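**Q** Dropping a structure here in structure tokens format, bear with me for questions.
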Amino acid sequence: MAALARLFRSSSSSSSAAVSFIRRSLSTEAAVELRSQSYSPRVDPKARNVQWVFLGCPGVGKGTYASRLSALLGVPHIATGDLVREELSSSGPLSKQLSEIVNQGKLVSDEIIINLLSKRLEMGEAKGESGFILDGFPRTVRQAEILDDVTDIDLVVNLKLPENVLLEKCLGRRLCSQCGKNFNVASINVKGENGNPDISMAPLLPPSECVSKLITRSDDTEPIVKERLHIYNEKSQPVEGYYRSHGKLLEFDLPGGIPESWPKLLEALNLDENEDKQCATA
């Protein structure tokens, strides 16, 4: 992972020979084959070193499901959105520049994202981490190409929800300013159209001790959310096409909230929650 971080830092000037060397040195232990929109074969828990990417519009739930799979599979969940927010809350040199970008709903530049990601990978290497589930990266085809130059991605999971549901979800998000946990006050009931099923999502309400401490993210306003969705459709949807053409994209339409979607996602990934929990703690 240290090699991956170093090459991220010098991606714009890396020679093809260096890239070839890194790719040879970063072998993955899980092969990917997509059949009938499911992930197969199962990952061998004894040799697990998955390298997955989660795609999807802002607010779709990438972090929720990636973090659950991270705990299940025993690999780090690396969310570039979290890296950006951590930098925003610091007094680092990028804080002011990032604040202006995020408050306008714009995409953070490749250079900044790669800088933050490379630092996170170096920290993980120091702690002995292996494998990863990336959330929020890549967001452009250029980023996907850079990632492919330095390692082999096993699987790309593309989470999908209708845009009107995404808007309601984003506007309902709340954060406890004391404990840092995320909640959602939106109660979503959307009738399906054009043959699509209804979608219902119960609110994820905070405990009583957090109610008075709830805050809304500065970028969770309707104009900014709509702008973020527009930018995603314009800039990031081509990434879906990139991975689709490489045979690595798993499209997953979320049928509802976590209780409805989590078992279906495990089924699509050919994973068993109880079995894998036992393997991860063995």
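We name chains A, B, ... following the order of the structure tokens; residues begin at 1 in each chain, and ligands are numbered from 1 as shown.
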Write down as an NGL selection string the residues belonging to stretch 46-267 of chain A that are assigned strand (DSSP E) by DSSP computed on the backbone.

**A** :A and (51-55 or 77-79 or 132-135 or 155-160 or 173-176 or 182-184 or 188-190 or 199-201 or 214-215 or 249-253)

**Q** Apply DSSP to the structure's backbone, then extract all residues of stretch 98-191 of chain A labelled helix (DSSP H, G or I) and return them as a VMD selection string.

**A** chain A and resid 98 to 103 110 to 126 141 to 150 163 to 172

**Q** Take the selection from the previous step and output its residues with N, CA and C atoms, as a short mmCIF file (atom, residue, chain, number, x, y, z; two decimals), in the first residue's frame.

**A**
data_model
loop_
_atom_site.label_atom_id
_atom_site.label_comp_id
_atom_site.auth_asym_id
_atom_site.auth_seq_id
_atom_site.Cartn_x
_atom_site.Cartn_y
_atom_site.Cartn_z
N LEU A 98 -10.59 24.18 0.24
CA LEU A 98 -11.62 23.15 0.23
C LEU A 98 -12.97 23.72 0.65
N SER A 99 -12.97 24.61 1.62
CA SER A 99 -14.22 25.21 2.10
C SER A 99 -14.96 25.91 0.98
N GLU A 100 -14.25 26.66 0.16
CA GLU A 100 -14.87 27.37 -0.95
C GLU A 100 -15.44 26.40 -1.98
N ILE A 101 -14.70 25.32 -2.26
CA ILE A 101 -15.14 24.34 -3.25
C ILE A 101 -16.39 23.61 -2.77
N VAL A 102 -16.37 23.12 -1.53
CA VAL A 102 -17.48 22.32 -0.99
C VAL A 102 -18.74 23.16 -0.85
N ASN A 103 -18.61 24.39 -0.38
CA ASN A 103 -19.79 25.24 -0.17
C ASN A 103 -20.46 25.65 -1.47
N ASP A 110 -8.65 16.66 -8.84
CA ASP A 110 -7.89 15.41 -8.79
C ASP A 110 -6.65 15.56 -7.92
N GLU A 111 -5.95 16.67 -8.06
CA GLU A 111 -4.70 16.88 -7.33
C GLU A 111 -4.92 16.83 -5.82
N ILE A 112 -5.96 17.52 -5.34
CA ILE A 112 -6.23 17.55 -3.90
C ILE A 112 -6.66 16.18 -3.40
N ILE A 113 -7.58 15.53 -4.12
CA ILE A 113 -8.07 14.22 -3.70
C ILE A 113 -6.93 13.21 -3.64
N ILE A 114 -6.10 13.19 -4.66
CA ILE A 114 -5.00 12.23 -4.69
C ILE A 114 -4.00 12.51 -3.57
N ASN A 115 -3.79 13.79 -3.26
CA ASN A 115 -2.91 14.15 -2.15
C ASN A 115 -3.45 13.61 -0.83
N LEU A 116 -4.76 13.82 -0.58
CA LEU A 116 -5.36 13.35 0.66
C LEU A 116 -5.38 11.83 0.72
N LEU A 117 -5.68 11.19 -0.41
CA LEU A 117 -5.76 9.74 -0.44
C LEU A 117 -4.39 9.10 -0.23
N SER A 118 -3.37 9.68 -0.82
CA SER A 118 -2.02 9.12 -0.66
C SER A 118 -1.57 9.19 0.80
N LYS A 119 -1.92 10.29 1.49
CA LYS A 119 -1.57 10.40 2.91
C LYS A 119 -2.30 9.33 3.73
N ARG A 120 -3.58 9.09 3.39
CA ARG A 120 -4.36 8.07 4.11
C ARG A 120 -3.79 6.68 3.87
N LEU A 121 -3.37 6.39 2.66
CA LEU A 121 -2.80 5.08 2.35
C LEU A 121 -1.49 4.86 3.08
N GLU A 122 -0.69 5.91 3.19
CA GLU A 122 0.58 5.80 3.92
C GLU A 122 0.33 5.52 5.40
N MET A 123 -0.69 6.16 5.97
CA MET A 123 -1.04 5.90 7.37
C MET A 123 -1.49 4.45 7.54
N GLY A 124 -2.28 3.95 6.58
CA GLY A 124 -2.74 2.58 6.65
C GLY A 124 -1.60 1.58 6.54
N GLU A 125 -0.66 1.87 5.68
CA GLU A 125 0.50 1.00 5.54
C GLU A 125 1.28 0.90 6.85
N ALA A 126 1.41 2.03 7.53
CA ALA A 126 2.14 2.05 8.80
C ALA A 126 1.43 1.20 9.85
N VAL A 141 -13.02 9.87 -14.96
CA VAL A 141 -12.34 8.82 -15.73
C VAL A 141 -10.83 8.95 -15.55
N ARG A 142 -10.33 10.18 -15.47
CA ARG A 142 -8.89 10.38 -15.26
C ARG A 142 -8.44 9.74 -13.95
N GLN A 143 -9.23 9.93 -12.88
CA GLN A 143 -8.89 9.31 -11.60
C GLN A 143 -8.93 7.79 -11.71
N ALA A 144 -9.91 7.26 -12.46
CA ALA A 144 -10.01 5.81 -12.64
C ALA A 144 -8.79 5.28 -13.38
N GLU A 145 -8.32 6.03 -14.36
CA GLU A 145 -7.13 5.61 -15.11
C GLU A 145 -5.89 5.63 -14.23
N ILE A 146 -5.79 6.66 -13.38
CA ILE A 146 -4.66 6.72 -12.44
C ILE A 146 -4.69 5.52 -11.50
N LEU A 147 -5.88 5.20 -11.00
CA LEU A 147 -6.02 4.06 -10.09
C LEU A 147 -5.63 2.76 -10.79
N ASP A 148 -6.06 2.60 -12.04
CA ASP A 148 -5.72 1.40 -12.79
C ASP A 148 -4.23 1.30 -13.07
N ASP A 149 -3.54 2.44 -13.12
CA ASP A 149 -2.11 2.44 -13.37
C ASP A 149 -1.31 1.92 -12.19
N VAL A 150 -1.92 1.93 -11.00
CA VAL A 150 -1.14 1.56 -9.83
C VAL A 150 -1.62 0.29 -9.13
N GLU A 163 -33.52 10.13 -8.39
CA GLU A 163 -33.02 11.43 -7.96
C GLU A 163 -33.91 12.08 -6.91
N ASN A 164 -35.23 11.93 -7.01
CA ASN A 164 -36.11 12.55 -6.01
C ASN A 164 -35.92 11.93 -4.62
N VAL A 165 -35.59 10.64 -4.58
CA VAL A 165 -35.29 9.99 -3.30
C VAL A 165 -33.96 10.49 -2.75
N LEU A 166 -32.98 10.63 -3.62
CA LEU A 166 -31.68 11.14 -3.20
C LEU A 166 -31.79 12.53 -2.58
N LEU A 167 -32.61 13.38 -3.20
CA LEU A 167 -32.78 14.74 -2.69
C LEU A 167 -33.39 14.72 -1.29
N GLU A 168 -34.43 13.90 -1.10
CA GLU A 168 -35.05 13.81 0.22
C GLU A 168 -34.06 13.28 1.26
N LYS A 169 -33.28 12.28 0.88
CA LYS A 169 -32.31 11.70 1.81
C LYS A 169 -31.28 12.74 2.24
N CYS A 170 -30.74 13.47 1.28
CA CYS A 170 -29.70 14.46 1.59
C CYS A 170 -30.25 15.57 2.49
N LEU A 171 -31.46 16.03 2.22
CA LEU A 171 -32.03 17.12 3.01
C LEU A 171 -32.42 16.66 4.41
N GLY A 172 -32.54 15.34 4.61
CA GLY A 172 -32.89 14.81 5.92
C GLY A 172 -31.69 14.44 6.77
#

**Q** For A:Leu88, which residue among A:Ser130, A:Ser177, A:Asn270, A:Ser218 is the nearest when counting only C-alpha atoms?

**A**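 Of A:Ser130, A:Ser177, A:Asn270, A:Ser218, the one nearest A:Leu88 is A:Ser218, counting only C-alpha atoms.
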
**Q** Any idea what's packed within 9 Å of stretch 246-258 of chain A, counting only C-alpha atoms, ignoring anything in its chain fewer than 5 positions away? Could you give it as an NGL selection string?

**A** :A and (32-34 or 37-39 or 60 or 64-65 or 153-161 or 197-203 or 240-241 or 263-265 or 268-269)

**Q** Hey, which of A:Cys179, A:Leu204, A:Cys57, A:Leu266 ends up closest to A:Lys235? Count only C-alpha atoms.

**A**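 For A:Lys235, the nearest of the candidates is A:Cys57.
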